[in-house]
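J.: File final.cif follows (mmCIF, N, CA and C atoms):
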data_model
loop_
_atom_site.label_atom_id
_atom_site.label_comp_id
_atom_site.auth_asym_id
_atom_site.auth_seq_id
_atom_site.Cartn_x
_atom_site.Cartn_y
_atom_site.Cartn_z
N MET G 1 -1.16 11.07 22.45
CA MET G 1 -0.91 11.33 21.05
C MET G 1 -0.15 10.17 20.41
N THR G 2 0.79 9.62 21.16
CA THR G 2 1.56 8.49 20.65
C THR G 2 0.66 7.29 20.40
N THR G 3 -0.31 7.08 21.28
CA THR G 3 -1.24 5.96 21.12
C THR G 3 -2.07 6.12 19.86
N ALA G 4 -2.52 7.33 19.58
CA ALA G 4 -3.33 7.58 18.39
C ALA G 4 -2.52 7.31 17.12
N PHE G 5 -1.27 7.76 17.09
CA PHE G 5 -0.43 7.50 15.92
C PHE G 5 -0.10 6.02 15.78
N SER G 6 0.06 5.34 16.90
CA SER G 6 0.35 3.90 16.85
C SER G 6 -0.84 3.12 16.29
N ILE G 7 -2.03 3.48 16.73
CA ILE G 7 -3.24 2.82 16.22
C ILE G 7 -3.41 3.11 14.73
N LEU G 8 -3.19 4.37 14.34
CA LEU G 8 -3.30 4.74 12.93
C LEU G 8 -2.25 4.01 12.10
N LEU G 9 -1.07 3.82 12.65
CA LEU G 9 0.00 3.10 11.94
C LEU G 9 -0.38 1.64 11.72
N VAL G 10 -0.95 1.01 12.73
CA VAL G 10 -1.36 -0.40 12.58
C VAL G 10 -2.47 -0.52 11.54
N LEU G 11 -3.43 0.38 11.59
CA LEU G 11 -4.54 0.33 10.62
C LEU G 11 -4.06 0.57 9.20
N THR G 12 -3.21 1.59 9.01
CA THR G 12 -2.73 1.88 7.66
C THR G 12 -1.79 0.77 7.17
N SER G 13 -1.08 0.12 8.06
CA SER G 13 -0.23 -1.00 7.65
C SER G 13 -1.07 -2.14 7.10
N ALA G 14 -2.14 -2.47 7.79
CA ALA G 14 -3.02 -3.56 7.34
C ALA G 14 -3.69 -3.20 6.02
N VAL G 15 -4.16 -1.97 5.91
CA VAL G 15 -4.81 -1.54 4.66
C VAL G 15 -3.81 -1.53 3.52
N LEU G 16 -2.59 -1.09 3.78
CA LEU G 16 -1.57 -1.04 2.74
C LEU G 16 -1.21 -2.44 2.24
N ILE G 17 -1.13 -3.39 3.14
CA ILE G 17 -0.86 -4.78 2.73
C ILE G 17 -1.96 -5.29 1.82
N VAL G 18 -3.21 -5.05 2.19
CA VAL G 18 -4.34 -5.51 1.36
C VAL G 18 -4.33 -4.81 0.01
N MET G 19 -4.07 -3.51 0.00
CA MET G 19 -4.08 -2.75 -1.25
C MET G 19 -2.99 -3.24 -2.20
N ILE G 20 -1.81 -3.50 -1.67
CA ILE G 20 -0.72 -3.97 -2.51
C ILE G 20 -1.03 -5.36 -3.07
N LEU G 21 -1.64 -6.20 -2.27
CA LEU G 21 -1.98 -7.54 -2.75
C LEU G 21 -3.09 -7.51 -3.80
N LEU G 22 -3.89 -6.46 -3.83
CA LEU G 22 -4.96 -6.35 -4.83
C LEU G 22 -4.44 -5.96 -6.21
N HIS G 23 -3.24 -5.41 -6.28
CA HIS G 23 -2.70 -4.99 -7.57
C HIS G 23 -2.45 -6.18 -8.48
N LYS G 24 -2.64 -5.94 -9.76
CA LYS G 24 -2.39 -6.97 -10.75
C LYS G 24 -0.89 -7.08 -10.97
N GLY G 25 -0.40 -8.30 -11.08
CA GLY G 25 1.02 -8.51 -11.32
C GLY G 25 1.44 -8.00 -12.68
N ARG G 26 2.64 -7.45 -12.76
CA ARG G 26 3.12 -6.90 -14.02
C ARG G 26 4.10 -7.86 -14.71
N GLY G 27 4.21 -9.07 -14.21
CA GLY G 27 5.04 -10.08 -14.86
C GLY G 27 6.39 -10.24 -14.20
N GLY G 28 6.89 -11.46 -14.25
CA GLY G 28 8.22 -11.72 -13.76
C GLY G 28 8.33 -11.83 -12.25
N GLY G 29 7.25 -11.98 -11.55
CA GLY G 29 7.33 -12.06 -10.09
C GLY G 29 6.57 -13.26 -9.56
N LEU G 30 6.23 -13.18 -8.30
CA LEU G 30 5.51 -14.28 -7.66
C LEU G 30 4.12 -14.48 -8.25
N SER G 31 3.54 -13.42 -8.82
CA SER G 31 2.20 -13.56 -9.38
C SER G 31 2.21 -14.52 -10.58
N ASP G 32 3.32 -14.57 -11.32
CA ASP G 32 3.41 -15.51 -12.44
C ASP G 32 3.44 -16.95 -11.97
N MET G 33 4.05 -17.17 -10.81
CA MET G 33 4.15 -18.52 -10.29
C MET G 33 2.78 -19.10 -9.97
N PHE G 34 1.85 -18.25 -9.57
CA PHE G 34 0.52 -18.70 -9.20
C PHE G 34 -0.51 -18.46 -10.30
N GLY G 35 -0.06 -18.21 -11.52
CA GLY G 35 -0.97 -18.06 -12.65
C GLY G 35 -1.42 -16.65 -12.92
N GLY G 36 -0.82 -15.68 -12.29
CA GLY G 36 -1.23 -14.29 -12.51
C GLY G 36 -0.79 -13.73 -13.84
N GLY G 37 0.26 -14.29 -14.42
CA GLY G 37 0.78 -13.77 -15.68
C GLY G 37 0.11 -14.32 -16.91
N VAL G 38 -0.81 -15.24 -16.75
CA VAL G 38 -1.45 -15.89 -17.90
C VAL G 38 -2.35 -14.92 -18.64
N SER G 39 -3.07 -14.09 -17.93
CA SER G 39 -4.06 -13.23 -18.56
C SER G 39 -3.62 -11.77 -18.62
N SER G 40 -2.32 -11.52 -18.68
CA SER G 40 -1.87 -10.12 -18.70
C SER G 40 -2.02 -9.56 -20.11
N GLY G 41 -2.72 -8.47 -20.20
CA GLY G 41 -2.90 -7.82 -21.49
C GLY G 41 -1.91 -6.69 -21.65
N LEU G 42 -1.69 -6.25 -22.89
CA LEU G 42 -0.75 -5.18 -23.14
C LEU G 42 -1.44 -3.83 -23.18
N GLY G 43 -2.74 -3.79 -22.95
CA GLY G 43 -3.48 -2.54 -23.00
C GLY G 43 -3.20 -1.67 -21.79
N GLY G 44 -3.79 -0.49 -21.78
CA GLY G 44 -3.60 0.44 -20.69
C GLY G 44 -4.34 0.01 -19.44
N SER G 45 -4.09 0.74 -18.39
CA SER G 45 -4.74 0.43 -17.11
C SER G 45 -6.20 0.87 -17.15
N SER G 46 -7.03 0.11 -16.48
CA SER G 46 -8.43 0.48 -16.40
C SER G 46 -8.61 1.55 -15.33
N VAL G 47 -9.80 2.10 -15.27
CA VAL G 47 -10.10 3.14 -14.29
C VAL G 47 -9.98 2.59 -12.88
N ALA G 48 -10.42 1.35 -12.69
CA ALA G 48 -10.35 0.74 -11.36
C ALA G 48 -8.90 0.58 -10.91
N GLU G 49 -8.01 0.21 -11.83
CA GLU G 49 -6.60 0.06 -11.48
C GLU G 49 -5.97 1.40 -11.16
N LYS G 50 -6.34 2.44 -11.91
CA LYS G 50 -5.80 3.78 -11.63
C LYS G 50 -6.27 4.28 -10.27
N ASN G 51 -7.54 4.03 -9.96
CA ASN G 51 -8.05 4.43 -8.64
C ASN G 51 -7.39 3.63 -7.53
N LEU G 52 -7.14 2.35 -7.75
CA LEU G 52 -6.44 1.53 -6.77
C LEU G 52 -5.03 2.06 -6.55
N ASP G 53 -4.37 2.48 -7.63
CA ASP G 53 -3.04 3.07 -7.51
C ASP G 53 -3.08 4.35 -6.67
N ARG G 54 -4.05 5.20 -6.94
CA ARG G 54 -4.16 6.47 -6.20
C ARG G 54 -4.45 6.23 -4.72
N ILE G 55 -5.34 5.31 -4.42
CA ILE G 55 -5.67 5.02 -3.03
C ILE G 55 -4.46 4.41 -2.32
N THR G 56 -3.74 3.53 -3.01
CA THR G 56 -2.56 2.91 -2.41
C THR G 56 -1.50 3.97 -2.09
N VAL G 57 -1.28 4.90 -3.01
CA VAL G 57 -0.30 5.97 -2.76
C VAL G 57 -0.76 6.84 -1.60
N GLY G 58 -2.05 7.14 -1.54
CA GLY G 58 -2.57 7.95 -0.43
C GLY G 58 -2.38 7.28 0.91
N VAL G 59 -2.66 5.99 0.98
CA VAL G 59 -2.48 5.25 2.23
C VAL G 59 -1.00 5.18 2.59
N ALA G 60 -0.14 5.04 1.57
CA ALA G 60 1.31 4.99 1.83
C ALA G 60 1.83 6.32 2.36
N VAL G 61 1.26 7.43 1.89
CA VAL G 61 1.67 8.74 2.39
C VAL G 61 1.24 8.91 3.85
N ILE G 62 0.03 8.47 4.18
CA ILE G 62 -0.44 8.54 5.57
C ILE G 62 0.42 7.65 6.45
N TRP G 63 0.78 6.45 5.96
CA TRP G 63 1.63 5.53 6.70
C TRP G 63 3.00 6.15 6.96
N SER G 64 3.57 6.78 5.94
CA SER G 64 4.88 7.43 6.10
C SER G 64 4.80 8.58 7.09
N ALA G 65 3.73 9.36 7.04
CA ALA G 65 3.57 10.47 7.98
C ALA G 65 3.46 9.96 9.41
N CYS G 66 2.78 8.83 9.60
CA CYS G 66 2.68 8.24 10.94
C CYS G 66 4.05 7.80 11.45
N ILE G 67 4.86 7.21 10.58
CA ILE G 67 6.21 6.78 10.96
C ILE G 67 7.03 7.99 11.40
N ILE G 68 7.00 9.06 10.62
CA ILE G 68 7.77 10.26 10.94
C ILE G 68 7.26 10.90 12.22
N ALA G 69 5.94 11.00 12.37
CA ALA G 69 5.38 11.60 13.57
C ALA G 69 5.73 10.80 14.82
N LEU G 70 5.63 9.49 14.73
CA LEU G 70 6.00 8.65 15.88
C LEU G 70 7.48 8.79 16.20
N GLY G 71 8.30 8.86 15.19
CA GLY G 71 9.74 9.04 15.42
C GLY G 71 10.04 10.35 16.12
N LEU G 72 9.39 11.40 15.70
CA LEU G 72 9.60 12.71 16.33
C LEU G 72 9.05 12.75 17.75
N LEU G 73 7.88 12.15 17.95
CA LEU G 73 7.29 12.13 19.29
C LEU G 73 8.13 11.31 20.27
N LEU G 74 8.61 10.17 19.83
CA LEU G 74 9.40 9.32 20.72
C LEU G 74 10.80 9.88 20.97
N LYS G 75 11.32 10.61 19.99
CA LYS G 75 12.64 11.22 20.16
C LYS G 75 12.60 12.36 21.16
N SER G 76 11.53 13.15 21.11
CA SER G 76 11.42 14.31 22.00
C SER G 76 10.92 13.92 23.39
N GLY G 77 10.26 12.79 23.49
CA GLY G 77 9.65 12.42 24.76
C GLY G 77 10.50 11.50 25.51
#
So, in terms of structure tokens, how does the structure I just supplied come out?

T.:
Amino acid sequence: MTTAFSILLVLTSAVLIVMILLHKGRGGGLSDMFGGGVSSGLGGSSVAEKNLDRITVGVAVIWSACIIALGLLLKSG
């Protein structure tokens, strides 16, 4: 069981890194240094951005659950 959670943790970690890097910069950060702030509009988020936000939150919840489950399994074992 610990192996399954460890594998799931590694996979969700990699996916979470990619998902976070796909987000558009909101200004004032490293994205501005590389030209990300040049085309920032003041309009609302598009459907694709909202879906990316939802998927990122979902992956983060799974990642957090894996951390808690591994902590409980390793503590009891």

J.: With the PyMOL selection byres ((chain G and resi 11-21) around 6.5) as the selection, what would be picked from this file? Answer as a ChimeraX atom specification, please.

T.: /G:6-10,22-24,56,59-60,63

J.: Suppose you want the space between CA of Asn51 in chain G and CA of Ala4 in chain G; what is it in Å?

T.: 27.6 Å

J.: Would you compute the distance between CA of Leu70 in chain G and CA of Gly58 in chain G? Give it in Å to one decimal.

T.: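 Distance reported for this atom pair: 18.4 Å.
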
J.: If you measure from CA of Lys75 in chain G to atom N of Thr3 in chain G, what distance in Å do you get, rounded to one decimal?

T.: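 Atom N of Thr3 in chain G lies 13.6 Å from CA of Lys75 in chain G.
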